[in-house]
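Notes follow the structure.
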Amino acid sequence: MPAARRGGPHINYATPRPGAAVTAADVTALVAAFRAADRKPRLEYVTSCAPDLEALLTAAGFTVEARHTYLLCVPETLASPPTPDHFSLCEPGADSQRAALISAQNEAFGGDPIVSAADVARLRRQQDTGGVAVLAVSDDGTCAGGGGAAAPVGAVSEVAGIAVRPPYRRRGLASAITADITRRLFGAGTEVAWLEASGEESWRVYERVGYRPAGQRLYIAVS
């Protein structure tokens, strides 16, 4: 398994190489590597890539944080629902737009809507390195939501952060945002887009756009 990434808990994790044989000794060594780096031992991975690993991890004291279904979309399955009336979708080109997008995402996910300069710079770097960002703007200029996608690895990219602020929900915006991000990825040469569904409502949104269930991802850590 590769070394842990540095940073906060959700970007600090290890992932097994698909098909690699992992032993209890490997898990012990991995935990030691995390501890030496003063990081929480944590993994995120597709369970089918290492079907026996979870048992080794739980035996070593790891606890499951979450299990999410991941879905895939390819150009042939992508559907393009119309953008709801009184809204437009665009890619942020100014830092003020980037800040509005991040603030809307924070609010939609129950976080602090205050946006730091570092947050804006991170989104700008994502765009500069081939990632995608899309925001939904109402007729009065308010950012109602948005989302983005990481720069492709090979020809595969992860779509994430699909968010709609509470006053603008149940109008079809989430589907339109997801479709627009995915269409932009495919237009730039990405062959496969993937994302995770954490509940039935988001599942329905993604399926309407053309995403199909493909497997399970496991989030697991030890304190």
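Identifiers for the structure tokens are assigned positionally: chains receive A, B, ... in sequence, residues are indexed from 1 per chain, and ligands are indexed from 1 in the order shown.
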
Long-range neighbours of Arg35 in chain A as an mmCIF file with N, CA, C and O atoms, in the first residue's frame, 12 Å cut-off, only C-alpha atoms, 4 positions minimum in chain:
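As a result, selection.cif now contains:
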data_model
loop_
_atom_site.group_PDB
_atom_site.id
_atom_site.type_symbol
_atom_site.label_atom_id
_atom_site.label_comp_id
_atom_site.auth_asym_id
_atom_site.auth_seq_id
_atom_site.Cartn_x
_atom_site.Cartn_y
_atom_site.Cartn_z
ATOM 1 N N ALA A 3 2.276 5.135 0.687
ATOM 2 C CA ALA A 3 2.341 5.935 1.912
ATOM 3 C C ALA A 3 1.145 6.863 2.002
ATOM 4 O O ALA A 3 0.522 7.221 1.012
ATOM 5 N N ALA A 4 0.838 7.264 3.223
ATOM 6 C CA ALA A 4 -0.301 8.150 3.457
ATOM 7 C C ALA A 4 -0.054 9.508 2.849
ATOM 8 O O ALA A 4 1.069 9.998 2.793
ATOM 9 N N THR A 28 0.283 -3.961 9.902
ATOM 10 C CA THR A 28 1.073 -3.476 11.039
ATOM 11 C C THR A 28 2.082 -2.425 10.590
ATOM 12 O O THR A 28 2.243 -1.378 11.235
ATOM 13 N N ALA A 29 2.738 -2.673 9.461
ATOM 14 C CA ALA A 29 3.725 -1.721 8.940
ATOM 15 C C ALA A 29 3.057 -0.419 8.507
ATOM 16 O O ALA A 29 3.608 0.676 8.704
ATOM 17 N N LEU A 30 1.862 -0.538 7.936
ATOM 18 C CA LEU A 30 1.146 0.658 7.502
ATOM 19 C C LEU A 30 0.764 1.524 8.692
ATOM 20 O O LEU A 30 0.941 2.746 8.669
ATOM 21 N N VAL A 31 0.240 0.910 9.740
ATOM 22 C CA VAL A 31 -0.123 1.663 10.942
ATOM 23 C C VAL A 31 1.109 2.358 11.512
ATOM 24 O O VAL A 31 1.058 3.534 11.901
ATOM 25 N N ARG A 39 -0.006 10.829 11.858
ATOM 26 C CA ARG A 39 -1.268 10.834 11.132
ATOM 27 C C ARG A 39 -2.149 9.680 11.621
ATOM 28 O O ARG A 39 -1.657 8.655 12.093
ATOM 29 N N LYS A 40 -3.448 9.863 11.492
ATOM 30 C CA LYS A 40 -4.405 8.822 11.857
ATOM 31 C C LYS A 40 -4.396 7.728 10.799
ATOM 32 O O LYS A 40 -4.592 8.012 9.611
ATOM 33 N N PRO A 41 -4.181 6.468 11.181
ATOM 34 C CA PRO A 41 -4.201 5.388 10.187
ATOM 35 C C PRO A 41 -5.583 5.276 9.540
ATOM 36 O O PRO A 41 -6.592 5.094 10.227
ATOM 37 N N ARG A 42 -5.622 5.397 8.226
ATOM 38 C CA ARG A 42 -6.906 5.479 7.534
ATOM 39 C C ARG A 42 -6.750 4.995 6.096
ATOM 40 O O ARG A 42 -5.729 5.231 5.462
ATOM 41 N N VAL A 222 -8.462 3.758 12.205
ATOM 42 C CA VAL A 222 -8.246 3.363 13.590
ATOM 43 C C VAL A 222 -7.838 4.605 14.364
ATOM 44 O O VAL A 222 -7.103 5.455 13.852
ATOM 45 N N SER A 223 -8.356 4.761 15.576
ATOM 46 C CA SER A 223 -8.050 5.971 16.356
ATOM 47 C C SER A 223 -6.673 5.849 16.993
ATOM 48 O O SER A 223 -6.070 4.792 17.011
#

*Mind checking DSSP for range 111-206 of chain A and telling me the helix (DSSP H, G or I) residues as a ChimeraX atom specification?*
/A:117-128,166-168,173-187,200-206

*Could you state the separation of CA of Arg17 in chain A and CA of Gly61 in chain A in Å, given to one decimal place?*
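CA of Gly61 in chain A lies 21.3 Å from CA of Arg17 in chain A.
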
Report as CSV: every residue of range 120-214 of chain A with an atom at most 12 Å from range 64-67 of chain A, its closest pair of atoms, and their distance in Å to one decimal, counting only C-alpha atoms, with rows sorted by chain and ascending residue number.
residue,atom,partner,partner_atom,distance
A:Glu196,CA,A:Arg67,CA,9.8
A:Ala197,CA,A:Arg67,CA,9.8
A:Ser198,CA,A:Arg67,CA,8.2
A:Gly199,CA,A:Arg67,CA,10.8

How about saving the chosen residues, N, CA and C atoms kept, as a PDB file, in the first residue's frame?
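The resulting out_27.pdb:
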ATOM      1  N   GLU A 196     -19.665   9.211  -6.049  1.00  0.00           N
ATOM      2  CA  GLU A 196     -20.231   8.384  -4.987  1.00  0.00           C
ATOM      3  C   GLU A 196     -21.619   8.874  -4.609  1.00  0.00           C
ATOM      4  N   ALA A 197     -22.472   7.931  -4.271  1.00  0.00           N
ATOM      5  CA  ALA A 197     -23.814   8.256  -3.791  1.00  0.00           C
ATOM      6  C   ALA A 197     -23.917   7.830  -2.337  1.00  0.00           C
ATOM      7  N   SER A 198     -24.269   8.786  -1.481  1.00  0.00           N
ATOM      8  CA  SER A 198     -24.352   8.489  -0.050  1.00  0.00           C
ATOM      9  C   SER A 198     -25.781   8.252   0.417  1.00  0.00           C
ATOM     10  N   GLY A 199     -26.757   8.415  -0.472  1.00  0.00           N
ATOM     11  CA  GLY A 199     -28.147   8.209  -0.077  1.00  0.00           C
ATOM     12  C   GLY A 199     -29.038   8.059  -1.294  1.00  0.00           C
TER      13      GLY A 199
END

*Excluding range 119-126 of chain A and any residue of its chain fewer than 5 positions from it, enumerate the residues within 12 Å of it, using only C-alpha atoms, and give them as a PyMOL selection string.*
chain A and resi 91-103+105-106+113-114+131-134+147-152+161

_Give me, as a ChimeraX atom specification, all polymer residues having an atom no more than 9 Å from range 162-169 of chain A, counting only C-alpha atoms and skipping those fewer than 4 positions away in the same chain._
/A:104-109,136,143-148,173-174,177-178

Atoms to include: N, CA, C and O atoms. Write the selected residues as a compact mmCIF listing (two decimals), in the first residue's frame.
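Final output, part-v7.txt:
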# COMPACT_ATOMS: atom_id res chain seq x y z
N ALA A 104 -21.50 28.34 -1.33
CA ALA A 104 -22.75 27.60 -1.55
C ALA A 104 -22.58 26.13 -1.20
O ALA A 104 -23.48 25.52 -0.60
N GLN A 105 -21.44 25.55 -1.56
CA GLN A 105 -21.18 24.15 -1.21
C GLN A 105 -21.12 23.98 0.30
O GLN A 105 -21.72 23.04 0.86
N ASN A 106 -20.40 24.87 0.97
CA ASN A 106 -20.30 24.78 2.43
C ASN A 106 -21.67 24.86 3.08
O ASN A 106 -21.99 24.08 4.00
N GLU A 107 -22.49 25.80 2.62
CA GLU A 107 -23.83 25.95 3.19
C GLU A 107 -24.68 24.70 2.92
O GLU A 107 -25.38 24.22 3.81
N ALA A 108 -24.61 24.19 1.70
CA ALA A 108 -25.43 23.03 1.34
C ALA A 108 -25.07 21.81 2.17
O ALA A 108 -25.93 20.98 2.48
N PHE A 109 -23.80 21.68 2.54
CA PHE A 109 -23.35 20.52 3.31
C PHE A 109 -23.34 20.78 4.81
O PHE A 109 -22.81 19.99 5.58
N ALA A 136 -24.09 27.25 -10.44
CA ALA A 136 -25.44 27.59 -10.90
C ALA A 136 -25.79 28.97 -10.37
O ALA A 136 -25.68 29.22 -9.16
N CYS A 143 -25.54 32.77 -6.38
CA CYS A 143 -25.04 31.41 -6.62
C CYS A 143 -25.90 30.43 -5.84
O CYS A 143 -25.96 30.46 -4.61
N ALA A 144 -26.59 29.56 -6.56
CA ALA A 144 -27.51 28.61 -5.94
C ALA A 144 -26.86 27.28 -5.62
O ALA A 144 -27.40 26.49 -4.85
N GLY A 145 -25.70 27.01 -6.19
CA GLY A 145 -25.04 25.74 -5.96
C GLY A 145 -23.96 25.50 -6.99
O GLY A 145 -23.59 26.40 -7.74
N GLY A 146 -23.47 24.28 -7.04
CA GLY A 146 -22.43 23.95 -8.00
C GLY A 146 -21.78 22.64 -7.68
O GLY A 146 -22.30 21.82 -6.91
N GLY A 147 -20.62 22.43 -8.27
CA GLY A 147 -19.88 21.20 -8.07
C GLY A 147 -18.62 21.23 -8.89
O GLY A 147 -18.28 22.26 -9.49
N GLY A 148 -17.92 20.11 -8.93
CA GLY A 148 -16.67 20.09 -9.67
C GLY A 148 -16.18 18.69 -9.93
O GLY A 148 -16.84 17.70 -9.61
N LEU A 173 -31.81 21.25 -10.24
CA LEU A 173 -30.49 21.85 -10.38
C LEU A 173 -29.36 20.84 -10.20
O LEU A 173 -28.36 20.89 -10.93
N ALA A 174 -29.49 19.93 -9.24
CA ALA A 174 -28.41 18.98 -8.99
C ALA A 174 -28.15 18.12 -10.23
O ALA A 174 -26.99 17.87 -10.59
N ILE A 177 -26.42 20.34 -12.89
CA ILE A 177 -25.03 20.61 -12.53
C ILE A 177 -24.17 19.38 -12.80
O ILE A 177 -23.10 19.46 -13.41
N THR A 178 -24.63 18.22 -12.35
CA THR A 178 -23.87 16.98 -12.54
C THR A 178 -23.66 16.70 -14.02
O THR A 178 -22.56 16.35 -14.46

*Could you name the residues that touch range 185-190 of chain A at 7 Å or less, counting only C-alpha atoms, but leaving out those on the same chain fewer than 6 positions away, as a list in words?*
Pro75, Pro152, Ala155, Val156 and Ser157 of chain A

Would you mind exporting C-alpha atoms of the selected residues as a PDB file, in the first residue's frame?
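Result went into result.pdb, see below:
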ATOM      1  CA  PRO A  75     -20.167   9.347 -22.978  1.00  0.00           C
ATOM      2  CA  PRO A 152      -8.332  13.226 -14.852  1.00  0.00           C
ATOM      3  CA  ALA A 155      -8.766   9.107 -18.726  1.00  0.00           C
ATOM      4  CA  VAL A 156     -10.750   8.836 -15.469  1.00  0.00           C
ATOM      5  CA  SER A 157     -12.040  11.714 -13.317  1.00  0.00           C
TER       6      SER A 157
END

*asked:* To one decimal place in Å, what is the distance between CA of Leu56 in chain A and CA of Gln216 in chain A?
replied: 17.8 Å

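Using only C-alpha atoms, the residues found no farther than 9 Å from range 76-86 of chain A, other than those of its own chain fewer than 2 positions away, are Cys73, Val74, Ser88, Leu89, Val137, Ser138, Asp139, Asp140, Arg171, Gly172, Leu173, Ser175, Ala176, Ile177, Ala179, Asp180, Thr182, Arg183, Arg208, Val209, Gly210, Tyr211 and Arg212 of chain A.
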
*If you run DSSP on this backbone, which residues of range 57-125 of chain A come out as strand (DSSP E or B), and could you give them as a ChimeraX atom specification?*
/A:63-73,87-90

Hey, could you make a per-residue contact list for range 122-222 of chain A against range 12-16 of chain A with 12 Å as the cut-off, showing the nearest pair of atoms and its distance in Å to one decimal, counting only C-alpha atoms, sorted by chain and number, as a Markdown table?
| residue | atom | partner | partner_atom | distance |
| --- | --- | --- | --- | --- |
| A:Arg217 | CA | A:Thr15 | CA | 10.8 |
| A:Leu218 | CA | A:Thr15 | CA | 10.2 |
| A:Tyr219 | CA | A:Tyr13 | CA | 9.2 |
| A:Ile220 | CA | A:Tyr13 | CA | 9.3 |
| A:Ala221 | CA | A:Tyr13 | CA | 8.8 |
| A:Val222 | CA | A:Tyr13 | CA | 11.4 |

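Considering only C-alpha atoms, the residue among A:Ala193, A:Ala32, A:Ala214, A:Thr23 positioned nearest to Ala50 in chain A is A:Thr23.
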